[in-house]
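Colleague: So here's final-v5.cif, just mmCIF, C-alpha atoms and all ligand atoms:
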data_entry
loop_
_atom_site.label_atom_id
_atom_site.label_comp_id
_atom_site.auth_asym_id
_atom_site.auth_seq_id
_atom_site.Cartn_x
_atom_site.Cartn_y
_atom_site.Cartn_z
CA SER A 1 250.44 146.14 97.34
CA PRO A 2 249.70 145.15 100.98
CA ALA A 3 247.90 141.92 101.91
CA PRO A 4 244.10 142.24 101.67
CA VAL A 5 242.06 143.18 104.74
CA ASN A 6 239.39 140.57 105.46
CA VAL A 7 235.98 142.21 105.77
CA ALA A 8 233.09 139.97 106.84
CA VAL A 9 229.62 141.33 106.10
CA THR A 10 226.27 139.83 107.13
CA GLY A 11 222.92 140.41 105.48
CA ALA A 12 224.89 140.53 102.25
CA ALA A 13 221.91 140.02 99.93
CA GLY A 14 219.89 142.78 101.62
CA GLN A 15 219.17 146.38 100.69
CA ILE A 16 221.93 148.07 102.69
CA CYS A 17 224.56 145.69 101.36
CA TYR A 18 223.48 146.31 97.79
CA SER A 19 225.13 149.67 98.29
CA LEU A 20 227.64 148.90 101.07
CA LEU A 21 229.53 146.06 99.33
CA PHE A 22 230.21 148.24 96.30
CA ARG A 23 231.47 151.12 98.44
CA ILE A 24 233.84 148.81 100.34
CA SER A 25 235.09 147.30 97.07
CA GLN A 26 235.75 150.76 95.72
CA GLY A 27 238.15 151.48 98.58
CA ASP A 28 235.92 153.77 100.61
CA LEU A 29 236.86 152.12 103.92
CA PHE A 30 240.59 151.65 103.73
CA GLY A 31 241.65 153.95 100.93
CA PRO A 32 242.89 153.50 97.37
CA ASP A 33 245.99 151.42 98.18
CA GLN A 34 244.46 148.71 100.37
CA PRO A 35 242.95 145.58 98.76
CA VAL A 36 239.99 143.96 100.49
CA ARG A 37 238.62 140.42 100.65
CA LEU A 38 234.88 140.13 101.23
CA GLN A 39 233.50 137.27 103.36
CA LEU A 40 229.73 137.38 102.97
CA LEU A 41 227.19 135.73 105.26
CA GLU A 42 223.53 135.12 104.43
CA ILE A 43 220.78 132.75 105.45
CA PRO A 44 220.41 129.68 103.18
CA GLN A 45 217.27 131.04 101.42
CA ALA A 46 219.14 134.17 100.33
CA LEU A 47 222.35 132.55 99.02
CA GLY A 48 220.93 132.41 95.47
CA ALA A 49 220.24 136.14 95.46
CA LEU A 50 223.68 136.70 96.96
CA ASP A 51 225.23 134.89 93.97
CA GLY A 52 223.67 137.59 91.79
CA VAL A 53 225.21 140.34 93.92
CA VAL A 54 228.61 138.63 93.67
CA MET A 55 228.27 138.49 89.87
CA GLU A 56 227.68 142.24 89.87
CA LEU A 57 230.69 142.82 92.14
CA MET A 58 232.79 140.82 89.66
CA ASP A 59 231.35 142.80 86.75
CA CYS A 60 232.57 146.04 88.30
CA ALA A 61 236.15 144.74 87.96
CA PHE A 62 237.16 146.64 91.10
CA PRO A 63 240.96 146.84 91.22
CA LEU A 64 240.96 146.57 95.04
CA LEU A 65 238.62 143.58 95.36
CA ALA A 66 240.97 140.66 95.92
CA ASP A 67 238.41 137.92 96.59
CA VAL A 68 234.79 137.23 97.53
CA GLN A 69 233.56 134.27 99.54
CA THR A 70 229.99 133.51 100.53
CA GLY A 71 228.28 131.12 102.93
CA ASP A 72 225.66 130.53 105.60
CA ASP A 73 227.89 129.26 108.40
CA PRO A 74 229.33 132.09 110.52
CA GLU A 75 232.16 129.87 111.79
CA LYS A 76 233.38 129.49 108.22
CA VAL A 77 232.54 132.93 106.87
CA PHE A 78 234.07 134.86 109.81
CA ASP A 79 237.34 132.91 109.66
CA GLY A 80 240.27 135.33 109.87
CA ALA A 81 238.07 138.43 109.67
CA ASN A 82 239.75 141.71 110.61
CA LEU A 83 236.51 143.67 110.44
CA ALA A 84 232.96 142.32 110.74
CA LEU A 85 230.05 144.49 109.67
CA LEU A 86 226.92 142.90 111.15
CA VAL A 87 224.15 144.29 108.98
CA GLY A 88 221.77 141.33 108.67
CA ALA A 89 219.05 141.16 111.29
CA ARG A 90 215.51 139.97 111.68
CA PRO A 91 213.12 142.84 110.91
CA ARG A 92 210.02 143.43 112.98
CA THR A 93 207.06 141.93 111.15
CA LYS A 94 203.36 142.43 111.73
CA GLY A 95 202.11 141.18 115.06
CA MET A 96 205.62 140.76 116.46
CA GLU A 97 206.04 141.99 120.03
CA ARG A 98 209.25 143.65 121.18
CA GLY A 99 210.16 140.53 123.14
CA ASP A 100 209.78 138.38 119.99
CA LEU A 101 212.06 140.78 118.09
CA LEU A 102 214.74 140.64 120.78
CA GLU A 103 214.48 136.85 120.87
CA ALA A 104 214.73 136.44 117.08
CA ASN A 105 217.73 138.76 116.91
CA GLY A 106 219.15 137.22 120.05
CA ALA A 107 219.46 133.90 118.26
CA ILE A 108 221.37 135.58 115.41
CA PHE A 109 223.72 137.69 117.53
CA THR A 110 224.53 135.02 120.15
CA ALA A 111 225.63 132.69 117.34
CA GLN A 112 227.56 135.38 115.48
CA GLY A 113 229.28 136.61 118.66
CA ALA A 114 230.33 133.08 119.52
CA ALA A 115 231.58 132.44 115.97
CA LEU A 116 233.63 135.65 115.95
CA ASN A 117 235.07 134.67 119.32
CA LYS A 118 236.18 131.38 117.83
CA VAL A 119 237.49 132.21 114.37
CA ALA A 120 238.04 135.97 113.83
CA ALA A 121 241.54 137.45 113.56
CA ASP A 122 243.19 138.74 116.75
CA ASP A 123 242.74 142.34 115.65
CA ILE A 124 238.99 141.95 114.90
CA ARG A 125 236.74 145.01 115.05
CA VAL A 126 232.96 144.45 115.03
CA VAL A 127 230.43 147.06 113.88
CA ILE A 128 226.69 146.40 114.32
CA THR A 129 224.20 148.06 111.97
CA GLY A 130 221.30 145.55 112.18
CA ASN A 131 218.52 146.64 114.53
CA PRO A 132 217.99 146.88 117.44
CA ALA A 133 221.65 147.81 116.92
CA ASN A 134 222.72 148.72 120.48
CA THR A 135 221.26 145.63 122.07
CA ASN A 136 222.36 143.34 119.22
CA ALA A 137 225.87 144.68 119.85
CA LEU A 138 225.53 143.96 123.58
CA ILE A 139 224.44 140.38 122.83
CA ALA A 140 227.28 139.75 120.35
CA GLN A 141 229.84 141.28 122.73
CA GLN A 142 228.65 139.27 125.72
CA ASN A 143 228.84 136.07 123.67
CA ALA A 144 232.44 136.77 122.62
CA PRO A 145 234.26 136.65 125.98
CA ASP A 146 237.77 136.46 124.46
CA ILE A 147 237.35 139.58 122.32
CA PRO A 148 237.98 142.83 124.22
CA ALA A 149 234.67 144.66 124.75
CA ASP A 150 235.99 147.85 123.16
CA ARG A 151 236.28 146.08 119.81
CA PHE A 152 232.47 146.28 119.45
CA SER A 153 230.53 149.35 118.37
CA ALA A 154 227.05 149.98 117.03
CA LEU A 155 225.91 152.50 114.48
CA THR A 156 224.43 155.87 115.42
CA ARG A 157 226.28 157.51 112.55
CA LEU A 158 223.19 157.69 110.38
CA ASP A 159 221.49 159.71 113.12
CA HIS A 160 224.64 161.84 113.45
CA ASN A 161 224.72 162.51 109.71
CA ARG A 162 221.00 163.28 109.62
CA ALA A 163 221.43 165.68 112.53
CA LYS A 164 224.23 167.48 110.69
CA SER A 165 222.32 167.67 107.45
CA LEU A 166 219.14 169.06 109.06
CA LEU A 167 221.17 171.66 111.00
CA SER A 168 222.95 172.60 107.79
CA LYS A 169 219.61 173.14 106.09
CA GLN A 170 218.29 175.26 108.97
CA THR A 171 221.37 177.50 109.25
CA GLY A 172 222.30 177.64 105.58
CA ALA A 173 225.86 176.58 106.46
CA PRO A 174 227.51 173.71 104.56
CA VAL A 175 227.80 170.41 106.48
CA THR A 176 231.58 170.82 106.46
CA ASP A 177 231.16 173.86 108.76
CA ILE A 178 229.37 171.75 111.39
CA LYS A 179 231.56 170.19 114.09
CA ARG A 180 231.06 168.41 117.42
CA MET A 181 227.65 166.95 116.78
CA THR A 182 226.63 164.36 119.37
CA ILE A 183 224.03 161.60 119.41
CA TRP A 184 223.49 160.09 122.85
CA GLY A 185 221.78 156.85 123.86
CA ASN A 186 219.90 154.31 121.80
CA HIS A 187 219.53 154.16 118.00
CA SER A 188 215.77 154.49 118.41
CA ALA A 189 213.13 157.18 118.78
CA THR A 190 214.55 158.04 122.24
CA GLN A 191 217.98 159.01 120.86
CA TYR A 192 219.15 162.50 121.78
CA PRO A 193 220.79 164.64 119.09
CA ASP A 194 222.61 167.22 121.24
CA LEU A 195 223.61 170.63 119.88
CA SER A 196 225.06 171.90 123.19
CA HIS A 197 228.66 171.58 122.01
CA THR A 198 228.06 171.80 118.26
CA THR A 199 229.64 174.64 116.33
CA VAL A 200 228.67 176.06 112.94
CA ALA A 201 231.61 177.81 111.29
CA GLY A 202 233.09 178.17 114.77
CA LYS A 203 229.96 179.69 116.38
CA PRO A 204 227.88 177.83 118.97
CA ALA A 205 224.94 176.21 117.15
CA LEU A 206 222.61 177.12 120.00
CA ASP A 207 223.26 180.83 119.31
CA LEU A 208 221.91 180.34 115.79
CA VAL A 209 218.69 178.39 116.41
CA ASP A 210 215.82 178.68 118.95
CA HIS A 211 215.48 176.22 121.78
CA SER A 212 211.82 175.72 120.85
CA TRP A 213 212.83 174.73 117.30
CA VAL A 214 215.41 172.31 118.71
CA GLU A 215 212.97 170.71 121.10
CA GLU A 216 209.80 170.69 119.02
CA GLU A 217 211.06 170.23 115.46
CA TYR A 218 214.70 169.28 115.24
CA ILE A 219 215.03 166.47 117.79
CA PRO A 220 211.81 164.67 116.72
CA ARG A 221 212.65 165.09 113.03
CA VAL A 222 216.12 163.55 113.40
CA ALA A 223 214.65 160.71 115.48
CA LYS A 224 211.83 160.05 112.99
CA ARG A 225 213.80 160.57 109.79
CA GLY A 226 213.77 156.83 109.08
CA ALA A 227 209.96 156.80 109.13
CA GLU A 228 209.85 159.90 106.90
CA ILE A 229 211.99 158.14 104.30
CA LEU A 230 210.00 154.91 104.56
CA ALA A 231 206.79 156.86 103.90
CA ALA A 232 208.27 158.66 100.88
CA ARG A 233 210.22 155.81 99.31
CA GLY A 234 208.09 152.86 100.27
CA THR A 235 211.16 151.03 101.59
CA SER A 236 213.54 151.90 104.38
CA SER A 237 216.67 154.00 104.06
CA ALA A 238 219.38 151.78 102.62
CA ALA A 239 221.93 153.86 100.69
CA SER A 240 222.24 156.38 103.54
CA ALA A 241 222.52 153.54 106.07
CA ALA A 242 225.29 152.03 103.94
CA GLY A 243 226.96 155.45 103.74
CA ALA A 244 226.81 155.79 107.52
CA THR A 245 228.25 152.29 107.99
CA VAL A 246 231.14 153.28 105.71
CA ASP A 247 231.65 156.56 107.60
CA HIS A 248 231.63 154.76 110.96
CA ALA A 249 234.12 152.05 109.98
CA ARG A 250 236.35 154.41 107.97
CA ASP A 251 236.62 156.87 110.86
CA LEU A 252 237.24 154.05 113.32
CA PHE A 253 240.35 153.04 111.35
CA ARG A 254 241.44 156.31 109.80
CA GLY A 255 240.54 158.61 112.72
CA THR A 256 238.36 161.61 113.47
CA PRO A 257 239.74 165.00 112.41
CA GLU A 258 241.57 167.18 114.96
CA GLY A 259 239.11 169.38 116.85
CA ASP A 260 236.08 167.28 115.92
CA TRP A 261 234.45 164.04 117.03
CA THR A 262 231.79 161.59 115.89
CA SER A 263 229.00 159.57 117.52
CA MET A 264 229.20 155.82 118.14
CA ALA A 265 227.42 153.42 120.43
CA VAL A 266 230.11 151.75 122.53
CA VAL A 267 230.31 149.73 125.74
CA SER A 268 229.96 152.28 128.55
CA ASP A 269 232.69 152.66 131.16
CA GLY A 270 230.25 154.63 133.32
CA SER A 271 231.01 157.96 131.62
CA TYR A 272 228.24 160.59 131.85
CA GLY A 273 226.31 158.41 134.29
CA VAL A 274 225.58 155.73 131.66
CA PRO A 275 225.65 152.39 133.53
CA GLU A 276 228.75 150.33 132.84
CA GLY A 277 228.40 147.69 130.16
CA LEU A 278 225.45 149.23 128.30
CA VAL A 279 226.07 149.87 124.60
CA SER A 280 225.10 153.52 124.36
CA SER A 281 225.98 156.31 121.95
CA PHE A 282 228.60 158.86 123.05
CA PRO A 283 230.75 161.53 121.45
CA VAL A 284 233.98 159.72 120.56
CA THR A 285 237.30 160.35 118.92
CA THR A 286 238.95 157.49 117.06
CA SER A 287 242.27 156.37 115.66
CA ASN A 288 243.71 153.11 114.30
CA GLY A 289 240.65 151.01 115.15
CA ASP A 290 240.25 152.35 118.69
CA TRP A 291 237.83 154.90 120.13
CA SER A 292 237.72 156.98 123.24
CA ILE A 293 234.81 158.83 124.79
CA VAL A 294 235.14 162.63 124.81
CA GLU A 295 235.11 163.35 128.55
CA ASP A 296 234.17 166.34 130.71
CA LEU A 297 231.57 167.97 128.48
CA ASP A 298 228.99 170.05 130.34
CA VAL A 299 225.59 168.37 130.48
CA SER A 300 222.64 170.75 130.89
CA ALA A 301 219.51 169.76 132.81
CA PHE A 302 217.67 169.40 129.49
CA SER A 303 220.41 167.14 128.10
CA ARG A 304 220.50 165.12 131.32
CA SER A 305 216.80 164.30 131.14
CA ARG A 306 217.06 163.31 127.44
CA ILE A 307 220.12 161.12 127.99
CA ASP A 308 218.52 159.47 131.02
CA ALA A 309 215.35 158.65 129.08
CA SER A 310 217.26 156.92 126.27
CA VAL A 311 219.54 155.10 128.69
CA ALA A 312 216.48 153.88 130.62
CA GLU A 313 215.24 152.30 127.39
CA LEU A 314 218.62 150.58 126.90
CA GLU A 315 218.45 149.30 130.48
CA SER A 316 215.04 147.79 129.84
CA GLU A 317 216.34 146.09 126.67
CA ARG A 318 219.28 144.71 128.67
CA THR A 319 216.90 143.38 131.33
CA ALA A 320 214.78 141.74 128.63
CA VAL A 321 217.73 139.95 126.98
CA LYS A 322 218.99 138.84 130.41
CA GLU A 323 215.57 137.34 131.12
CA LEU A 324 215.77 135.55 127.76
CA ARG A 325 219.22 134.28 128.86
CA LEU A 326 220.87 135.76 125.76
CA ILE A 327 223.60 137.37 127.85
P1 LIG B 401 217.06 143.72 104.35
O1 LIG B 401 215.90 143.01 104.95
O2 LIG B 401 217.00 144.22 102.97
O3 LIG B 401 218.36 142.79 104.45
C1 LIG B 401 218.68 142.06 105.59
C2 LIG B 401 219.39 140.81 105.13
O4 LIG B 401 219.89 140.14 106.30
C3 LIG B 401 218.46 139.84 104.39
O5 LIG B 401 219.03 139.54 103.13
C4 LIG B 401 218.44 138.62 105.31
O6 LIG B 401 218.36 137.41 104.60
C5 LIG B 401 219.77 138.77 106.03
N1 LIG B 401 219.86 138.02 107.28
C6 LIG B 401 218.88 137.76 108.19
N2 LIG B 401 219.34 136.98 109.16
C7 LIG B 401 220.63 136.74 108.89
C8 LIG B 401 221.63 135.96 109.53
N3 LIG B 401 221.38 135.28 110.64
N4 LIG B 401 222.86 135.93 108.97
C9 LIG B 401 223.12 136.60 107.83
N5 LIG B 401 222.20 137.32 107.18
C10 LIG B 401 220.98 137.40 107.71
O7 LIG B 401 217.39 144.90 105.38
P2 LIG B 401 218.34 146.16 105.18
O8 LIG B 401 217.54 147.28 104.68
O9 LIG B 401 219.58 145.77 104.48
O10 LIG B 401 218.65 146.48 106.72
C11 LIG B 401 219.44 145.59 107.51
C12 LIG B 401 219.33 145.96 108.97
O11 LIG B 401 219.86 147.25 109.21
C13 LIG B 401 217.91 146.00 109.52
O12 LIG B 401 217.92 145.41 110.83
C14 LIG B 401 217.61 147.46 109.63
O13 LIG B 401 216.65 147.72 110.63
C15 LIG B 401 218.96 147.98 110.03
N6 LIG B 401 219.17 149.41 109.81
C16 LIG B 401 219.98 150.05 110.72
C17 LIG B 401 220.25 151.38 110.59
C18 LIG B 401 221.11 152.06 111.58
O14 LIG B 401 221.29 153.27 111.47
N7 LIG B 401 221.68 151.39 112.59
C19 LIG B 401 219.67 152.16 109.48
C20 LIG B 401 218.89 151.39 108.57
C21 LIG B 401 218.66 150.06 108.74
#
Show me, as structure tokens, the structure contained in the file I just sent.
Ligand code: NAI
Modeller:
Amino acid sequence: SPAPVNVAVTGAAGQICYSLLFRISQGDLFGPDQPVRLQLLEIPQALGALDGVVMELMDCAFPLLADVQTGDDPEKVFDGANLALLVGARPRTKGMERGDLLEANGAIFTAQGAALNKVAADDIRVVITGNPANTNALIAQQNAPDIPADRFSALTRLDHNRAKSLLSKQTGAPVTDIKRMTIWGNHSATQYPDLSHTTVAGKPALDLVDHSWVEEEYIPRVAKRGAEILAARGTSSAASAAGATVDHARDLFRGTPEGDWTSMAVVSDGSYGVPEGLVSSFPVTTSNGDWSIVEDLDVSAFSRSRIDASVAELESERTAVKELRLI
């Protein structure tokens, strides 16, 4: 069999990873013929719990899991990584202002960006799940000057999947009939799930649902789905976030299907009026670890105002991290 792919994962003792690591080890990222080596990063206080997770990984006797390493030093753990999934982040706790959150995460993502720059493999791809995902990705990317900027992407796939699933429920069509869904902007409440180009069994989605439903129910429900799950479950969405991380990374390497696309937050080249350098979600096609933005889609006045609002939020986050000298 081929040499293992080195997959570094952070936040490895957390909730998302309790699902994600098992999916990766099962072959869900690279397929049934490709062994993987896991390189797991945690903070010192969580290394004990991580030992327990590693015991469980061993106890699954996964045929594709070649090796597992753990540690708290990103310069050691990221050594030779071909793919880094940055899941671990500092959650917002009570009384924490937005600036405090950006600063706490800034410390994590400046260090991890710099470590990747130093020790990752030449073909490294970096996927950021930990929140605030877009701006954490910007910080990591800016602190890794030798890694091409297009190697970084942040997750809006959970929003994309939620948007598909809620449209499927509304129209009665299976999710497999839904193509060309787009999430624009920030992975936050300002995100814009856009049905303008979406088709359901080949028909325009906007011919099947009312604009008032889209504006008043659908868009807010997709954007607030995380809060809905938190209220019901008592803890935040973890298995679906792991599933979306798998979908994102798998599609990045194995490609989007012909005639369809996915949503990813990537470093803007100025497409669709999104200022260059911002990490913003776009419709993208992918193949072999690379993505490209789907160009020349019509943008309605309604879409324009929604995209602009989310991009304005990303701009303000970029200004804040510049003021904190994180980039
Ligand atoms: P969690 O709190 O259960 O786990 C996070 C883990 O990261 C903890 O074990 C913590 O010790 C670790 N960690 C913190 N700082 C670290 C560092 N510097 N290096 C390595 N590990 C570190 O959280 P959960 O539920 O696993 O979520 C992880 C992140 O993903 C959160 O930021 C959450 O907001 C975000 N998230 C993102 C989604 C998306 O769609 N982009 C969806 C759901 C969650």
Colleague: Leaving out Thr198 of chain A and any residue of its chain fewer than 3 positions from it, which residues lie within 12 Å of it when counting all atoms listed in the file, given as number ranges by chain?
Modeller: A: 160, 163-164, 167-168, 175, 177-183, 193-195, 201-209, 259-262, 283, 297
Colleague: Give as a ChimeraX atom specification the residues surrounding ligand LIG 401 (chain B) up to a distance of 7 Å, considering all atoms listed in the file.
Modeller: /A:10-17,41-43,46,72,87-91,108,129-133,155-159,187,236-238,241
Colleague: Smallest atom-to-atom distance to Asp51 of chain A: which of A:Ala320, A:Ile24, A:Ala8, A:Val68, using all atoms listed in the file?
Modeller: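 Closest to Asp51 of chain A of all the choices is A:Val68.
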Colleague: So, with only C-alpha atoms as the atoms that count, which of A:Val9, A:Ala137, A:Leu50, A:Ala223 lies closest to Ala84 of chain A?
Modeller: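 Selected residue with least distance to Ala84 of chain A: A:Val9.
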Colleague: Pick out the residues sitting within 12 Å of segment 120-123 of chain A, and hand them over as an MDAnalysis selection string; count all atoms listed in the file, and ignore anything fewer than 3 positions along from it in its own chain.
Modeller: chainID A and resid 5:8 39 74:84 112:117 126 144 146:148 150:152 253 288:290
Colleague: To one decimal in Å, tell me the separation between atom CA of Asn143 of chain A and atom CA of Lys118 of chain A.
Modeller: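 Computing the Euclidean distance for atom CA of Asn143 of chain A and atom CA of Lys118 of chain A yields 10.5 Å.
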Colleague: Could you tell me how far atom CA of Ser280 of chain A lies from atom CA of Ala154 of chain A, in Å and to one decimal?
Modeller: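 Between these atoms lies a distance of 8.4 Å.
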Colleague: From the options A:Leu314, A:Val246, A:Ser305, A:Trp213, which residue's atoms come nearest to Leu29 of chain A, counting all atoms listed in the file?
Modeller: A:Val246
Colleague: Taking into account only C-alpha atoms, which residue in the set A:Ser268, A:Gln191, A:Ser281, A:Ser196 is nearest to Phe302 of chain A?
Modeller: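 Distance minimum relative to Phe302 of chain A lands on A:Ser196.
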Colleague: Considering all atoms listed in the file, can you say which of A:Ser287, A:Thr70, A:Pro63, A:Leu324 comes closest to Ala49 of chain A?
Modeller: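 Looking at the shortest contact to Ala49 of chain A, the residue is A:Thr70.
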Colleague: One decimal, Å: what's the distance from atom CA of Val267 of chain A over to atom CA of Leu21 of chain A, could you say?
Modeller: 26.7 Å
Colleague: Pick out the closest residue to Ser292 of chain A from this set: A:Gly255, A:Gly71, A:Pro4, A:Gly273. Count only C-alpha atoms.
Modeller: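 Closest to Ser292 of chain A of all the choices is A:Gly255.
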